[in-house]
Amino acid sequence: MKRKFTNQAYLPPSAFPPPPRGTARVPKNFGFDRSSSRLPIAGNKTVNKEMWNLLKSHRKGFFIVALLELGTAGCALISPKVFGNLLGKLSTDPKSAQISLTVAIAGVALLCQTFFAYWTRVQASTLGEFVLSSLRERFLERVVELPPNIVERAGSGELLSRTTTDVDHVTWAVRDAIPIITICLVSISTIVVAIGLSAPIFMTAVLVGLPFIFAASRRYFRRSPQAYRVESSSYALMNSVLVESTESGRTVEALRLGENRIERSDAALGRWIEWERYTLRLRSQWFPFVEISYILPLSVVILIGSHYFALGTMTIAQITTALLYSQMMIDPLEGIMWWFDELQSGRASLSRILGIHEVDEREIRDSDPDGFDVRGKDVRYGYKPGIDVLKGLSFLIEPGTRVAIVGPSGAGKSTLGKLLAGIQTPRSGEVTVGGSQIGYLPVEKARTHVALVTQEHHIFVGTLRQNITLAHPDASDQEVWDALTAVDAFDWAKDLPHGLETIVGTGGERVLAAQAQQIALARLVLADPHTLILDEATSLLDQRAARHLESSLSAVLKGRTVIAIAHRLQTAHDAEIIAVVEDGKVTEWGSHDQLMLAQGPYSLLWQSWRDES
Amino acid sequence: MSVMNRLGNRTRRTPFDHVPFENPGVPDISSVPSFLFWLGRKQWWIILSGTFFGIISFCALAIMPRFLGNAIQSITEKDSASVQRWALTIIALGTVQSFSGLFRHRRALGGWIVTATRLQQIIARKAAQLGADLPRLVSTGEVVAVNSNDVERVARGYDMIPRLIGAIVSFIVVATMLISASPTIGLMVTIGVPVMAVGIAPIIKPLQARETEQRRRLSIVSSLAADTVAGLRVLRGIGGEDAFVARFEKASQDVRAAAVRTARMRSFLEGLQVILPGALILGVITLGGSMVQKGSMQVGELLSFYGYSAFLVLPLKVMTESAQRLTSAVVSARRVIHLLTIEPINLWGSEKTLSADATLLDQQTGVEIQPGESIGVVSDDSIIADDLCDRLGGYVNANRVLFGGKPLSSYTREFIRQSIYAHEKDPAILSGTIGSIFAVPHSGRLTIQDALDAASGQDIIDSLEGEGLGAEVVERGRTLSGGQRQRLALARTLFVDAQIAILDDPTSAVDAHTEVRIAKRALEIRQGLSTLILTTSPLILDRVTRVILLVNGEVVDQGTHLELLERSAKYRELVIRGS
């Protein structure tokens, strides 16, 4: 059959490759290396150590759960035993059989079993939820501390998938897989022991299925976790294609890409289905063998029982009990098979989550800045080894100066902004504020001196107030409104349905991109550091609004050092110092009038613009 | 295709080898039943054969206790030949059960995949049909919810059918066997088991409510975490991490509390599921035991009865589950139908050619574009400018704009999209390689390189991972800066090379150095075509042939950039810094 839809051309490069042929093994880390190699993944040793630590720190809880599980499994053994005995009696001497006594004993056992089962589940879930919540909270604490260059390099997508998908996988494992599998293991071992105690020969019957289960399952479990992960990622890809088509509906229609989107979504579906086929092949080679292995012991018990009963060394009671026990093993065995996958993928996810903790700590060299001057000394920085974006910059910015950095795209302006804010440290040379290297100060301290607002705006889910008071959580209403007024946002903010308490961000009140930039600046006004770095912080406002905002903002920021990276020449004109950055170097430095006199690139640009004006 | 043909088709490895479909078909969306029937009819063979295997696998499991009982009976009678026969029968029955169970699973999975695929393909086609109207009519969240949750729920309804019918048939078989062997015990079991199921029912609804609440809180936690990660760089610049961690911890503890509450109730339900069938089995033993004592029942039979009453819990579970799944399939089918019945906002005509020259006239403002002209439009209100762009592109009020003397709405949508390209303020960059971003219908006059050069976009490709056209842009171009995204979108627009291009503030995030270059080269390659640029940048306005000044949405003046600078104070105020 012709496979039109597996046409690779329509799939994004980030799509997973097709599965191997037949049931060939999926290579370890298949398809994941591309995206995940940049953030560390914890090794087996770390994961084991972490699990051991978890076990140790909650040993009392685990002990109680284990005890309760043992109680449940023990009570479950009583009914088959007394029922077996009853049947034995009934087959030899029916009149002597005490039916009501048997039923009474079984009834009490049933009550106890129910009670224990209830408490086991309650205790196990309480414990599991506790472990889980501390795991995810510790994870997020670590995430917000991650050095920004690491996040930048790995991409927030990778971090996001660890925060959501991997945490979910661990949740399922902790909430369901671990308790169920331990319960199943406890039941199986108690049943095996019980069979062994009543007639040791039947142990062979129970064990006869295990090699089959083991052989078939080993093959399956070596392939399944990776395969199911790729399968669900492929399914997610198909959804993201539709999300893109929906959100970009206008672009899709303008570019007449309707057919193309259909092809792409069909191709994504096709890839997902290929993986569904692969996992179905895996299951098809596994299910039947495992299920036959459940039945096999029943026949063996019957045959062995028949043999020894004829010899007179075994009673019907023993045979029936063994038969019922063998049947009782099916459920827990199935439980283990069913949840083992989840356990494995939970473990894989745990290693990705713990990997975050292996990121190198940021180096701290604490000191107290003396003064507000910002200096750069032969600053060099590059993202890739051997290629510097900043190629030796030196400068001194006096406190209270308003500096504009201009220059063509890709000249290194934004990189310079990050170094000035101490978010990154130079490869060589130094950036200092009041004599202290800003990039090595503790984060909290650095921010009281320098803050950065970039063109990247993000509205957090929460109230407008929460969004503005990030750095200054106990600001009064008046302070918040003043900050909003300073960024020209008072007019629209007062019209919000619940004022400062209006929920904004994903799912909340819609905030335009330009308004988001105003919010970002209002945050900065409240944070009130002595040095502010604005990287294209008003680029999304239209020119008139931007100009108005800049002038009202500069009134509020009087006396502060403001370093604005801008593409609009108006912003440059208003600044006291203009720094022209070209190809990683400061090529011009001075006031507007000085640069105009110097007849350099800035004056040429300004001239052409002014003349045309 | 005939049944024989399907059976004879040996090349098929899975029941869903033929999906995705070349053509998913046109569903009957007149009502929920006819929609579900249409879907079912499209895959009747998978459902039918799946049901066949479902019946076999359930019945094989159902009659297992009978053979176990027979075997024990034969042991008591020391009839080793029949013991061996029963032992083998049990293995054979187990084999039949496991393989028919597998075949049922393959077909049930096939049923769900075939249904889900078909619906998702139909939804993708609907999305393409709605195009620009889609985001205006439905939220992305709703489209995704329908495409994943609702489609899955409808599909799971079909996945359920083989098991449901298997369960019903096996229940009838066992009930018949029980009643014919012993009416008292038979009736006790066949009535007792459903009564139990009904008895458990009241607890299921509140449990589901608690589970929903727990999932809701969990989704708050994940979205808080995702939100924090997405805004991490903002937090880095300005602080506030502690507040975020505290907020997350509170939400996380909320989930924990809800999860523990759910677990208590779930444990209670599981307790009931242990004790109720257990009590029934005790009843069977009491009655059966006394019948054995009276000699009216054999020991082996009693064992079988014990097995039957344990088995009957399974079909009941399946039936309860089916009832839930089928109900939610119907609810979800309604939501799918709702999405599929959404109609486009704009209605289009059938004209495919122009009867006069390609002049575009906006009747609302009076803005007019002659063929081959490059016009700058300066508006004192950016919202009016955005509206003008939408109108001229025929995205809103297509009847208010005349093209070649006739309203835009009298032409076909395809013709208008081909002739007029309206470049909105922040156009989307679709994920993929640079090559796929430029894989759009275009005039063929320009190469991708020409377009990238004109938009000063070469540095974008150099900054991406991958070589040349294979360089990859991720989800909505998030890794690109605002200026890079804008230049890439502009390059794409220039590459399309439409006869008429409307550009809404295409260089707002571009630095002055680059803007000068773009203004020169972009207008050069559009020489001879009509171009209208909504902007306040003097660097661009100086290069167009004519500038229109809009105040309050009305044309107040027009002329060249220099003329307007000279004579209009309003123009000077909008275009240069008021000094």
# chains A, B, ... in the order shown; residues from 1 in each chain; ligands from 1
$ residues_around --residues "B:Gly141" --least-positions-apart "4" --cutoff "12 Å" --atoms "only C-alpha atoms" --output "PyMOL selection string"
(chain A and resi 239-240+242-244+246-247+506-507) or (chain B and resi 135+137+145-149)
$ residues_around --residues "B:Phe248" --least-positions-apart "4" --cutoff "10 Å" --atoms "only C-alpha atoms" --output "PyMOL selection string"
(chain A and resi 136-137+140-141) or (chain B and resi 220-225+228+242-244+252-254)
$ write_last_selection --atoms "C-alpha atoms" --output "compact mmCIF listing (two decimals), in the first residue's frame"
# COMPACT_ATOMS: atom_id res chain seq x y z
CA ARG A 136 8.08 18.94 42.60
CA GLU A 137 8.52 21.88 44.97
CA LEU A 140 10.82 24.38 40.96
CA GLU A 141 13.00 25.99 43.62
CA ILE B 220 -3.11 24.74 37.93
CA VAL B 221 0.16 23.47 39.33
CA SER B 222 1.53 22.52 35.92
CA SER B 223 0.44 25.77 34.37
CA LEU B 224 2.03 27.72 37.24
CA ALA B 225 5.25 25.83 36.71
CA THR B 228 7.29 30.43 35.78
CA ASP B 242 10.64 33.79 46.11
CA ALA B 243 7.07 34.89 45.54
CA PHE B 244 6.79 32.46 42.66
CA SER B 252 1.24 22.09 45.13
CA GLN B 253 0.00 21.59 48.69
CA ASP B 254 -3.56 22.18 47.45
$ select_by_dssp --residues "stretch 354-558 of chain A" --states "alpha helix (DSSP H)" --output "ChimeraX atom specification"
/A:354-355,413-420,443-449,464-468,477-486,490-494,513-527,543-556
$ residues_around --residues "A:Asp535" --least-positions-apart "5" --cutoff "7 Å" --atoms "only C-alpha atoms" --output "JSON, numbers by chain"
{"A": [414, 417, 453, 454, 455, 564, 565, 566]}
$ residues_around --residues "A:Arg283" --least-positions-apart "2" --cutoff "12 Å" --atoms "only C-alpha atoms" --output "CSV table (one decimal) with N, CA and C atoms, in the first residue's frame"
chain,number,residue,atom,x,y,z
A,23,THR,N,10.0,-5.4,15.3
A,23,THR,CA,10.1,-5.0,16.7
A,23,THR,C,11.5,-4.8,17.1
A,216,ALA,N,9.4,-13.3,27.7
A,216,ALA,CA,8.6,-12.5,26.9
A,216,ALA,C,8.6,-11.0,27.4
A,217,SER,N,8.7,-10.9,28.7
A,217,SER,CA,8.6,-9.5,29.2
A,217,SER,C,9.9,-8.8,29.1
A,219,ARG,N,12.0,-8.9,26.7
A,219,ARG,CA,12.1,-8.4,25.4
A,219,ARG,C,11.2,-7.1,25.3
A,220,TYR,N,10.0,-7.2,25.9
A,220,TYR,CA,9.0,-6.2,25.8
A,220,TYR,C,9.5,-4.9,26.6
A,221,PHE,N,9.9,-5.1,27.8
A,221,PHE,CA,10.3,-4.0,28.6
A,221,PHE,C,11.6,-3.3,28.2
A,223,ARG,N,12.0,-2.5,25.2
A,223,ARG,CA,11.6,-1.6,24.1
A,223,ARG,C,10.5,-0.6,24.4
A,224,SER,N,9.7,-1.1,25.4
A,224,SER,CA,8.4,-0.3,25.5
A,224,SER,C,8.6,1.1,26.1
A,227,ALA,N,9.5,3.5,23.4
A,227,ALA,CA,8.5,3.6,22.4
A,227,ALA,C,7.3,4.3,22.8
A,228,TYR,N,6.8,4.1,24.0
A,228,TYR,CA,5.6,4.8,24.4
A,228,TYR,C,5.9,6.3,24.6
A,276,GLU,N,2.2,3.9,16.9
A,276,GLU,CA,1.1,3.1,17.5
A,276,GLU,C,1.3,1.7,16.9
A,277,ARG,N,1.6,1.6,15.6
A,277,ARG,CA,1.8,0.2,15.1
A,277,ARG,C,2.9,-0.5,15.7
A,278,TYR,N,4.0,0.2,15.9
A,278,TYR,CA,5.2,-0.4,16.5
A,278,TYR,C,4.8,-0.9,17.9
A,279,THR,N,4.2,-0.1,18.8
A,279,THR,CA,3.9,-0.5,20.1
A,279,THR,C,2.9,-1.7,20.1
A,280,LEU,N,2.0,-1.6,19.1
A,280,LEU,CA,1.0,-2.8,19.0
A,280,LEU,C,1.8,-4.1,18.7
A,281,ARG,N,2.8,-4.0,17.8
A,281,ARG,CA,3.6,-5.2,17.5
A,281,ARG,C,4.2,-5.7,18.7
A,285,GLN,N,3.4,-9.4,20.6
A,285,GLN,CA,4.4,-10.5,20.9
A,285,GLN,C,4.6,-10.7,22.4
A,286,TRP,N,3.8,-10.1,23.2
A,286,TRP,CA,4.0,-10.2,24.6
A,286,TRP,C,2.7,-10.7,25.3
A,287,PHE,N,1.6,-10.0,25.1
A,287,PHE,CA,0.4,-10.4,25.7
A,287,PHE,C,0.1,-11.9,25.8
A,288,PRO,N,0.0,-12.6,24.6
A,288,PRO,CA,-0.4,-14.0,24.6
A,288,PRO,C,0.4,-14.8,25.5
A,289,PHE,N,1.8,-14.6,25.4
A,289,PHE,CA,2.7,-15.5,26.2
A,289,PHE,C,2.5,-15.3,27.6
A,290,VAL,N,2.3,-14.1,28.0
A,290,VAL,CA,2.1,-13.8,29.5
A,290,VAL,C,0.8,-14.4,29.9
A,291,GLU,N,-0.2,-14.2,29.1
A,291,GLU,CA,-1.6,-14.7,29.5
A,291,GLU,C,-1.6,-16.3,29.6
A,337,MET,N,2.7,-6.4,35.4
A,337,MET,CA,2.9,-6.2,34.0
A,337,MET,C,2.4,-4.9,33.5
A,338,TRP,N,1.2,-4.5,34.0
A,338,TRP,CA,0.5,-3.4,33.5
A,338,TRP,C,1.2,-2.1,33.9
A,341,ASP,N,5.6,-0.5,32.9
A,341,ASP,CA,6.0,0.5,32.0
A,341,ASP,C,6.0,1.9,32.6
B,99,PHE,N,-5.3,-15.5,22.8
B,99,PHE,CA,-5.2,-15.0,21.4
B,99,PHE,C,-6.4,-14.2,21.0
B,101,GLY,N,-8.3,-12.6,22.9
B,101,GLY,CA,-8.1,-11.4,23.7
B,101,GLY,C,-7.2,-10.4,22.9
B,102,LEU,N,-6.1,-11.0,22.4
B,102,LEU,CA,-5.2,-10.1,21.6
B,102,LEU,C,-5.8,-9.6,20.4
B,103,PHE,N,-6.5,-10.5,19.7
B,103,PHE,CA,-7.2,-10.0,18.4
B,103,PHE,C,-8.2,-8.9,18.7
B,105,HIS,N,-8.1,-6.9,21.2
B,105,HIS,CA,-7.4,-5.7,21.6
B,105,HIS,C,-6.9,-5.0,20.3
B,106,ARG,N,-6.4,-5.7,19.3
B,106,ARG,CA,-5.9,-5.1,18.1
B,106,ARG,C,-7.0,-4.4,17.4
B,109,LEU,N,-8.3,-1.3,19.4
B,109,LEU,CA,-7.3,-0.2,19.2
B,109,LEU,C,-7.5,0.4,17.8
$ residues_around --residues "B:Ser219" --least-positions-apart "5" --cutoff "10 Å" --atoms "only C-alpha atoms" --output "NGL selection string"
(:A and (164)) or (:B and (213-214 or 224-225 or 251 or 255))
$ closest_residue --among "B:Gln527, B:Ile533, B:Ala454, B:Asp387" --to "B:Phe495" --atoms "only C-alpha atoms"
B:Ala454
$ residues_around --residues "stretch 106-109 of chain A" --least-positions-apart "6" --cutoff "12 Å" --atoms "only C-alpha atoms" --output "ChimeraX atom specification"
/A:71-86,99-100,115-117 /B:274-283,285-286
$ write_last_selection --atoms "C-alpha atoms" --output "PDB file, in the first residue's frame"
ATOM      1  CA  GLY A  71      -1.858  -7.683  56.597  1.00  0.00           C
ATOM      2  CA  THR A  72      -4.021  -7.347  53.481  1.00  0.00           C
ATOM      3  CA  ALA A  73      -2.213 -10.120  51.658  1.00  0.00           C
ATOM      4  CA  GLY A  74      -2.274 -12.358  54.718  1.00  0.00           C
ATOM      5  CA  CYS A  75      -6.047 -12.021  55.209  1.00  0.00           C
ATOM      6  CA  ALA A  76      -6.623 -12.762  51.526  1.00  0.00           C
ATOM      7  CA  LEU A  77      -4.980 -16.162  52.019  1.00  0.00           C
ATOM      8  CA  ILE A  78      -7.494 -17.355  54.613  1.00  0.00           C
ATOM      9  CA  SER A  79     -10.627 -17.807  52.464  1.00  0.00           C
ATOM     10  CA  PRO A  80      -9.107 -20.135  49.830  1.00  0.00           C
ATOM     11  CA  LYS A  81      -7.588 -22.183  52.644  1.00  0.00           C
ATOM     12  CA  VAL A  82     -10.811 -22.700  54.622  1.00  0.00           C
ATOM     13  CA  PHE A  83     -12.801 -23.127  51.438  1.00  0.00           C
ATOM     14  CA  GLY A  84     -10.338 -25.721  50.206  1.00  0.00           C
ATOM     15  CA  ASN A  85     -10.675 -27.543  53.525  1.00  0.00           C
ATOM     16  CA  LEU A  86     -14.445 -27.406  53.258  1.00  0.00           C
ATOM     17  CA  ILE A  99     -20.290 -25.013  56.537  1.00  0.00           C
ATOM     18  CA  SER A 100     -21.380 -22.217  58.856  1.00  0.00           C
ATOM     19  CA  PHE A 115     -10.200  -3.017  56.355  1.00  0.00           C
ATOM     20  CA  PHE A 116      -6.488  -3.545  55.708  1.00  0.00           C
ATOM     21  CA  ALA A 117      -6.901  -2.899  51.973  1.00  0.00           C
TER      22      ALA A 117
ATOM     23  CA  VAL B 274     -13.485  -6.480  47.847  1.00  0.00           C
ATOM     24  CA  ILE B 275     -16.236  -6.994  50.360  1.00  0.00           C
ATOM     25  CA  LEU B 276     -19.367  -7.135  48.198  1.00  0.00           C
ATOM     26  CA  PRO B 277     -18.287  -9.924  45.810  1.00  0.00           C
ATOM     27  CA  GLY B 278     -16.726 -11.657  48.822  1.00  0.00           C
ATOM     28  CA  ALA B 279     -20.076 -11.655  50.627  1.00  0.00           C
ATOM     29  CA  LEU B 280     -21.814 -13.055  47.561  1.00  0.00           C
ATOM     30  CA  ILE B 281     -19.290 -15.868  47.296  1.00  0.00           C
ATOM     31  CA  LEU B 282     -19.870 -16.687  50.967  1.00  0.00           C
ATOM     32  CA  GLY B 283     -23.596 -16.953  50.177  1.00  0.00           C
ATOM     33  CA  ILE B 285     -20.691 -21.470  49.545  1.00  0.00           C
ATOM     34  CA  THR B 286     -23.350 -21.631  52.252  1.00  0.00           C
TER      35      THR B 286
END
$ select_by_dssp --residues "stretch 303-466 of chain B" --states "strand (DSSP E)" --output "ChimeraX atom specification"
/B:360-362,368-369,374-379,401-403,406-407,420-423,432-433
$ write_last_selection --atoms "N, CA and C atoms" --output "mmCIF file, in the first residue's frame"
data_model
loop_
_atom_site.group_PDB
_atom_site.id
_atom_site.type_symbol
_atom_site.label_atom_id
_atom_site.label_comp_id
_atom_site.auth_asym_id
_atom_site.auth_seq_id
_atom_site.Cartn_x
_atom_site.Cartn_y
_atom_site.Cartn_z
ATOM 1 N N LEU B 360 -7.361 49.494 -6.160
ATOM 2 C CA LEU B 360 -7.985 49.066 -4.903
ATOM 3 C C LEU B 360 -8.450 50.321 -4.191
ATOM 4 N N LEU B 361 -9.747 50.347 -3.827
ATOM 5 C CA LEU B 361 -10.277 51.564 -3.211
ATOM 6 C C LEU B 361 -11.025 51.220 -1.935
ATOM 7 N N ASP B 362 -10.582 51.851 -0.829
ATOM 8 C CA ASP B 362 -11.292 51.669 0.433
ATOM 9 C C ASP B 362 -12.355 52.741 0.533
ATOM 10 N N GLU B 368 -6.829 55.064 -1.950
ATOM 11 C CA GLU B 368 -6.886 54.368 -3.237
ATOM 12 C C GLU B 368 -5.470 54.004 -3.684
ATOM 13 N N ILE B 369 -5.312 52.804 -4.210
ATOM 14 C CA ILE B 369 -4.005 52.385 -4.720
ATOM 15 C C ILE B 369 -4.135 52.107 -6.205
ATOM 16 N N SER B 374 3.592 52.971 -5.264
ATOM 17 C CA SER B 374 3.972 52.677 -3.884
ATOM 18 C C SER B 374 3.514 53.841 -3.012
ATOM 19 N N ILE B 375 2.684 53.522 -2.020
ATOM 20 C CA ILE B 375 2.045 54.551 -1.216
ATOM 21 C C ILE B 375 2.413 54.367 0.250
ATOM 22 N N GLY B 376 2.637 55.485 0.927
ATOM 23 C CA GLY B 376 2.794 55.431 2.368
ATOM 24 C C GLY B 376 1.535 55.999 3.011
ATOM 25 N N VAL B 377 1.046 55.357 4.076
ATOM 26 C CA VAL B 377 -0.111 55.897 4.769
ATOM 27 C C VAL B 377 0.295 56.178 6.210
ATOM 28 N N VAL B 378 0.125 57.434 6.645
ATOM 29 C CA VAL B 378 0.446 57.808 8.018
ATOM 30 C C VAL B 378 -0.881 58.031 8.731
ATOM 31 N N SER B 379 -1.088 57.316 9.823
ATOM 32 C CA SER B 379 -2.344 57.469 10.550
ATOM 33 C C SER B 379 -2.042 57.934 11.966
ATOM 34 N N VAL B 401 -14.708 47.458 0.188
ATOM 35 C CA VAL B 401 -13.515 47.764 -0.590
ATOM 36 C C VAL B 401 -13.749 47.365 -2.048
ATOM 37 N N LEU B 402 -13.443 48.272 -2.960
ATOM 38 C CA LEU B 402 -13.648 47.965 -4.377
ATOM 39 C C LEU B 402 -12.313 47.569 -5.013
ATOM 40 N N PHE B 403 -12.356 46.516 -5.787
ATOM 41 C CA PHE B 403 -11.167 46.040 -6.495
ATOM 42 C C PHE B 403 -11.567 45.942 -7.963
ATOM 43 N N LYS B 406 -15.301 46.496 -8.422
ATOM 44 C CA LYS B 406 -16.310 45.625 -7.809
ATOM 45 C C LYS B 406 -15.899 45.322 -6.371
ATOM 46 N N PRO B 407 -16.864 45.079 -5.475
ATOM 47 C CA PRO B 407 -16.498 44.769 -4.090
ATOM 48 C C PRO B 407 -15.618 43.518 -4.015
ATOM 49 N N ILE B 420 -3.989 40.027 -3.625
ATOM 50 C CA ILE B 420 -3.684 41.032 -2.604
ATOM 51 C C ILE B 420 -3.061 40.335 -1.407
ATOM 52 N N TYR B 421 -1.929 40.825 -0.951
ATOM 53 C CA TYR B 421 -1.317 40.247 0.238
ATOM 54 C C TYR B 421 -1.291 41.283 1.338
ATOM 55 N N ALA B 422 -2.065 41.043 2.410
ATOM 56 C CA ALA B 422 -2.075 41.990 3.528
ATOM 57 C C ALA B 422 -1.167 41.463 4.633
ATOM 58 N N HIS B 423 -0.076 42.166 4.846
ATOM 59 C CA HIS B 423 0.937 41.779 5.826
ATOM 60 C C HIS B 423 0.560 42.451 7.141
ATOM 61 N N GLY B 432 9.358 25.332 11.557
ATOM 62 C CA GLY B 432 9.890 24.499 10.483
ATOM 63 C C GLY B 432 11.231 25.043 10.053
ATOM 64 N N THR B 433 11.718 24.539 8.937
ATOM 65 C CA THR B 433 12.994 25.044 8.452
ATOM 66 C C THR B 433 12.749 26.343 7.693
#
$ residues_around --residues "B:Asp505" --least-positions-apart "4" --cutoff "8 Å" --atoms "only C-alpha atoms" --output "PyMOL selection string"
chain B and resi 425+533-536
$ closest_atom_pairs --of "stretch 206-271 of chain A" --to "stretch 438-449 of chain B" --cutoff "12 Å" --atoms "only C-alpha atoms" --output "Markdown table"
| residue | atom | partner | partner_atom | distance |
| --- | --- | --- | --- | --- |
| A:Thr251 | CA | B:Val440 | CA | 11.0 |
| A:Val252 | CA | B:Val440 | CA | 9.7 |
| A:Glu253 | CA | B:Val440 | CA | 11.0 |
| A:Ala254 | CA | B:Val440 | CA | 10.1 |
| A:Leu255 | CA | B:Val440 | CA | 6.3 |
| A:Arg256 | CA | B:Pro441 | CA | 6.9 |
| A:Leu257 | CA | B:Val440 | CA | 6.7 |
| A:Gly258 | CA | B:Val440 | CA | 10.3 |
| A:Glu259 | CA | B:Val440 | CA | 10.5 |
| A:Asn260 | CA | B:Val440 | CA | 8.5 |
| A:Arg261 | CA | B:Val440 | CA | 11.1 |
$ closest_residue --among "B:Leu388, B:Leu494, B:Ile72, B:Ala167" --to "A:Thr321" --atoms "only C-alpha atoms"
B:Ile72
$ closest_residue --among "A:Leu54, A:Val504, A:Ala520, A:Ile302" --to "B:Gly239" --atoms "only C-alpha atoms"
A:Ala520
$ closest_residue --among "B:Asp453, B:Glu343, B:Asp159, B:Asp17" --to "B:Leu48" --atoms "only C-alpha atoms"
B:Asp159
$ closest_residue --among "B:Val555, B:Glu566, B:Ala512, B:Pro538" --to "A:Val406" --atoms "only C-alpha atoms"
B:Ala512
